[in-house]
Amino acid sequence: MNDEKVRVTVYRGSNQIGGCCTEISYKGTRIAIDFGSPLPEENTKELNITGLTCGQSAFDAVLLTHYHGDHVGEIGRINTDIPVYMGGFAKDVITAYKNHNHHFFADVDIDRIDELVAGTEITIGSLQITPILSDHSAAESLMFLIKAGGFQILHTGDFRLHGRYREELLSNVEKFGKVDLLITEGTTLSRKEKDKDNYTEEHVENMVWDCICENKYCFIILSSTNFERFQVFSNCIDKYRKDKRPSGKYFVVDDFQKSLFEIAEKRLPERYQFKTKTTYAKNLDEGMANKGFVMLLRAGNAAHEALLRKYLEECPSKTCLIYSMWSGYMNNGKLKELTSLAHDKNRLRIIHSSGHVTKQDLIDFVDTVAAKNVIVIHAEKTKEMESLKNHISIEDGETIVFETC
Ligand SMILES: [Zn+2]
């Protein structure tokens with residue numbers, strides 16, 4: 001429709017965390033934001049949108065906030081003549097995964113993806129869109145400030161305000177002036193929040209520091225693309241080498257992780273530097289035993305698992321397994337097996353903080369941006385949403401119309 005109204009449709013995400021997709025349309029321009037996969041426990045059927053995944057294309061673009069699977073997992077199903085935009089970091093990470101294992105993003109044509117640059121506005125039809133560098137457990141996660149005439153929409157993507165880049169993010173959003181509509185993630189509104197979910201990354205770093213000082217041999221389990229957390233480990237190892245123990249300690253990863261580090265160092269060098277990494281090979285075993293180490297444990301890698309078993313068996317008092325991911329992933333499969341192994345010997349340490357904004361920070365954020373209207377996605381329906389000022393309830397498939405003047 002070609003009038004002065006802004007229309008917002010939540011296709012998916014009004015009552016689930018994974019697989020959000022939101023349309024914003026204005027004066028005949030239609031964009032969609034994010035097109036990911038539901039979480040494994042979310043049994044929703046495949047999302048088909050006429051004009052986006054089937055039928056004649058009617059969307060002008062799809063914009064992706066970051067590389068997590070629940071935001072990009074189904075982009076291969078988008079009609080091939082619709083432009084797809086994401087940050088260069090996300091594009092490189094998806095390319096690396098495709099190259100590493102042909103099952104990952106098998107249906108995604110990398111060449112069709114246009115790169116967004118944080119801070120650089122683009123125009124798509126009647127909409128002006130500025131990507132803003134955010135703070136999340138995915139590096140270079142973007143918020144989008146979308147201008148429809150004088151009407152301003154802020155789509156947060158996934159974000160938090162207890163990470164290292166909280167101040168940078170807040171100072172960016174404070175420059176916008178009024179926000180007529182805030183479309184925000186609300187993961188922690190519906191997930192039971194624990195105190196540790198809002199630990200700052202600095203606090204996490206202090207706990208990791210204590211742990212690696214107390215344990216000569218540290219295995220770590222964390223997401224390969226949580227660069228923020230890898231930086232915590234890298235910082236601790238650098239500090240250990242510099243300040244405390246001249247004999248040092250190895251920081252051991254595998255070739256794939258090293259290639260991901262190189263993307264981070266190339267794309268955001270001011271945020272990420274992993275100076276002391278070493279890739280694991282058998283000939284390191286003796287040196288690692290002498291000096292000590294922090295080693296990424298890749299679940300499913302037989303050599304890594306054998307080392308964990310060996311150290312837990314032969315020198316349990318000097319060994320620990322640091323689990324640094326969402327606790328829900330620990331309940332099944334290989335991660336359950338490995339963490340149980342360490343837990344049974346009292347050598348499991350859980351050191352983590354959420355990538356998602358806490359309830360209180362979200363309440364404050366609504367005030368910070370003075371949002372006149374608030375739509376929550378990326379959350380299960382909960383009455384906690386009502387605690388947000390100016391909240392508008394929406395259902396999947398529903399369109400809400402906003403006057404722009
Ligand atoms: Zn995410």
# chains A, B, ... in the order shown; residues from 1 in each chain; ligands from 1
>>> residues_near_ligand(ligand="ligand 1", cutoff="10 Å", atoms="only C-alpha atoms and all ligand atoms", output="MDAnalysis selection string")
chainID A and resid 17:18 65:72 136:139 141 157:159 185 187 226 355:356 378
>>> write_last_selection(atoms="N, CA and C atoms", output="PDB file, in the first residue's frame")
ATOM      1  N   ILE A  17      11.191 -18.065  20.728  1.00  0.00           N
ATOM      2  CA  ILE A  17      12.489 -17.390  20.709  1.00  0.00           C
ATOM      3  C   ILE A  17      13.160 -17.527  19.342  1.00  0.00           C
ATOM      4  N   GLY A  18      13.145 -18.722  18.784  1.00  0.00           N
ATOM      5  CA  GLY A  18      13.892 -18.929  17.535  1.00  0.00           C
ATOM      6  C   GLY A  18      13.076 -18.662  16.286  1.00  0.00           C
ATOM      7  N   THR A  65      20.254  -9.534  11.326  1.00  0.00           N
ATOM      8  CA  THR A  65      20.915  -8.824  12.428  1.00  0.00           C
ATOM      9  C   THR A  65      22.262  -9.436  12.812  1.00  0.00           C
ATOM     10  N   HIS A  66      22.362 -10.787  12.759  1.00  0.00           N
ATOM     11  CA  HIS A  66      23.615 -11.448  13.133  1.00  0.00           C
ATOM     12  C   HIS A  66      23.580 -12.914  12.710  1.00  0.00           C
ATOM     13  N   TYR A  67      24.680 -13.609  12.918  1.00  0.00           N
ATOM     14  CA  TYR A  67      24.855 -14.924  12.290  1.00  0.00           C
ATOM     15  C   TYR A  67      24.294 -16.106  13.076  1.00  0.00           C
ATOM     16  N   HIS A  68      23.683 -15.907  14.230  1.00  0.00           N
ATOM     17  CA  HIS A  68      23.140 -17.063  14.954  1.00  0.00           C
ATOM     18  C   HIS A  68      22.066 -17.760  14.117  1.00  0.00           C
ATOM     19  N   GLY A  69      22.045 -19.097  14.229  1.00  0.00           N
ATOM     20  CA  GLY A  69      21.154 -19.893  13.377  1.00  0.00           C
ATOM     21  C   GLY A  69      19.683 -19.539  13.512  1.00  0.00           C
ATOM     22  N   ASP A  70      19.276 -19.110  14.702  1.00  0.00           N
ATOM     23  CA  ASP A  70      17.853 -18.769  14.862  1.00  0.00           C
ATOM     24  C   ASP A  70      17.511 -17.423  14.214  1.00  0.00           C
ATOM     25  N   HIS A  71      18.512 -16.788  13.599  1.00  0.00           N
ATOM     26  CA  HIS A  71      18.271 -15.531  12.862  1.00  0.00           C
ATOM     27  C   HIS A  71      18.572 -15.648  11.370  1.00  0.00           C
ATOM     28  N   VAL A  72      19.440 -16.595  11.010  1.00  0.00           N
ATOM     29  CA  VAL A  72      19.813 -16.727   9.582  1.00  0.00           C
ATOM     30  C   VAL A  72      19.589 -18.129   9.014  1.00  0.00           C
ATOM     31  N   HIS A 136      26.319  -8.395  21.955  1.00  0.00           N
ATOM     32  CA  HIS A 136      25.617  -9.685  22.047  1.00  0.00           C
ATOM     33  C   HIS A 136      26.676 -10.789  22.051  1.00  0.00           C
ATOM     34  N   SER A 137      26.264 -12.014  22.260  1.00  0.00           N
ATOM     35  CA  SER A 137      27.230 -13.123  22.238  1.00  0.00           C
ATOM     36  C   SER A 137      27.624 -13.500  20.811  1.00  0.00           C
ATOM     37  N   ALA A 138      27.000 -12.903  19.811  1.00  0.00           N
ATOM     38  CA  ALA A 138      27.504 -12.984  18.433  1.00  0.00           C
ATOM     39  C   ALA A 138      28.219 -11.669  18.144  1.00  0.00           C
ATOM     40  N   ALA A 139      29.411 -11.764  17.566  1.00  0.00           N
ATOM     41  CA  ALA A 139      30.160 -10.541  17.275  1.00  0.00           C
ATOM     42  C   ALA A 139      29.489  -9.772  16.138  1.00  0.00           C
ATOM     43  N   SER A 141      26.860  -8.125  16.061  1.00  0.00           N
ATOM     44  CA  SER A 141      25.400  -8.142  15.996  1.00  0.00           C
ATOM     45  C   SER A 141      24.939  -6.707  15.757  1.00  0.00           C
ATOM     46  N   GLY A 157      17.348  -6.571  17.239  1.00  0.00           N
ATOM     47  CA  GLY A 157      18.008  -7.874  17.112  1.00  0.00           C
ATOM     48  C   GLY A 157      18.249  -8.415  18.514  1.00  0.00           C
ATOM     49  N   ASP A 158      19.208  -9.314  18.672  1.00  0.00           N
ATOM     50  CA  ASP A 158      19.572  -9.795  20.011  1.00  0.00           C
ATOM     51  C   ASP A 158      20.587  -8.815  20.599  1.00  0.00           C
ATOM     52  N   PHE A 159      20.425  -8.489  21.867  1.00  0.00           N
ATOM     53  CA  PHE A 159      21.392  -7.570  22.478  1.00  0.00           C
ATOM     54  C   PHE A 159      21.389  -7.755  23.991  1.00  0.00           C
ATOM     55  N   GLU A 185      14.011  -7.679  21.300  1.00  0.00           N
ATOM     56  CA  GLU A 185      14.031  -9.067  21.772  1.00  0.00           C
ATOM     57  C   GLU A 185      13.612  -9.097  23.238  1.00  0.00           C
ATOM     58  N   THR A 187      14.018 -12.295  25.210  1.00  0.00           N
ATOM     59  CA  THR A 187      14.339 -13.681  25.600  1.00  0.00           C
ATOM     60  C   THR A 187      14.186 -13.924  27.099  1.00  0.00           C
ATOM     61  N   ASN A 226      31.291 -17.341  19.870  1.00  0.00           N
ATOM     62  CA  ASN A 226      31.193 -16.381  20.973  1.00  0.00           C
ATOM     63  C   ASN A 226      32.578 -15.764  21.176  1.00  0.00           C
ATOM     64  N   GLY A 355      23.819 -13.833  26.708  1.00  0.00           N
ATOM     65  CA  GLY A 355      23.964 -12.886  25.595  1.00  0.00           C
ATOM     66  C   GLY A 355      22.744 -11.996  25.448  1.00  0.00           C
ATOM     67  N   HIS A 356      21.751 -12.180  26.309  1.00  0.00           N
ATOM     68  CA  HIS A 356      20.482 -11.464  26.147  1.00  0.00           C
ATOM     69  C   HIS A 356      20.236 -10.473  27.273  1.00  0.00           C
ATOM     70  N   HIS A 378      11.007 -12.616  19.823  1.00  0.00           N
ATOM     71  CA  HIS A 378      12.096 -13.444  20.364  1.00  0.00           C
ATOM     72  C   HIS A 378      11.821 -13.771  21.832  1.00  0.00           C
TER      73      HIS A 378
END
>>> residues_around(residues="Ile221 (chain A)", least_positions_apart="3", cutoff="9 Å", atoms="only C-alpha atoms", output="PyMOL selection string")
chain A and resi 224+295-299+321-325+335
>>> residues_around(residues="Thr339 (chain A)", least_positions_apart="2", cutoff="12 Å", atoms="only C-alpha atoms", output="MDAnalysis selection string")
chainID A and resid 219:221 297 299 305 308:309 312 320:325 327 329:337 341:350
>>> select_by_dssp(residues="region 194-263 of chain A", states="alpha helix (DSSP H)", output="ChimeraX atom specification")
/A:201-214,227-239,255-263
>>> closest_atom_pairs(of="region 160-232 of chain A", to="region 360-367 of chain A", cutoff="8 Å", atoms="only C-alpha atoms", output="Markdown table")
| residue | atom | partner | partner_atom | distance |
| --- | --- | --- | --- | --- |
| A:Arg160 | CA | A:Asp361 | CA | 8.0 |
| A:Leu161 | CA | A:Asp361 | CA | 6.5 |
| A:Leu182 | CA | A:Val366 | CA | 7.8 |
| A:Gly186 | CA | A:Leu362 | CA | 8.0 |
>>> closest_residue(among="A:Val374, A:Leu181, A:Ile75, A:Cys405", to="Ser393 (chain A)", atoms="only C-alpha atoms")
A:Val374
>>> closest_residue(among="A:Ile237, A:Val204, A:Cys218, A:Val108", to="His162 (chain A)", atoms="only C-alpha atoms")
A:Val204
>>> atom_distance(atom1="CA of Trp326 (chain A)", atom2="CA of Ser353 (chain A)")
8.0 Å
>>> residues_around(residues="Ala96 (chain A)", least_positions_apart="6", cutoff="9 Å", atoms="only C-alpha atoms", output="CSV table (one decimal) with C-alpha atoms, in the first residue's frame")
chain,number,residue,atom,x,y,z
A,256,PHE,CA,38.7,-24.2,12.4
A,259,SER,CA,40.3,-19.6,11.1
A,260,LEU,CA,37.3,-18.0,13.0
A,263,ILE,CA,37.9,-13.4,10.7
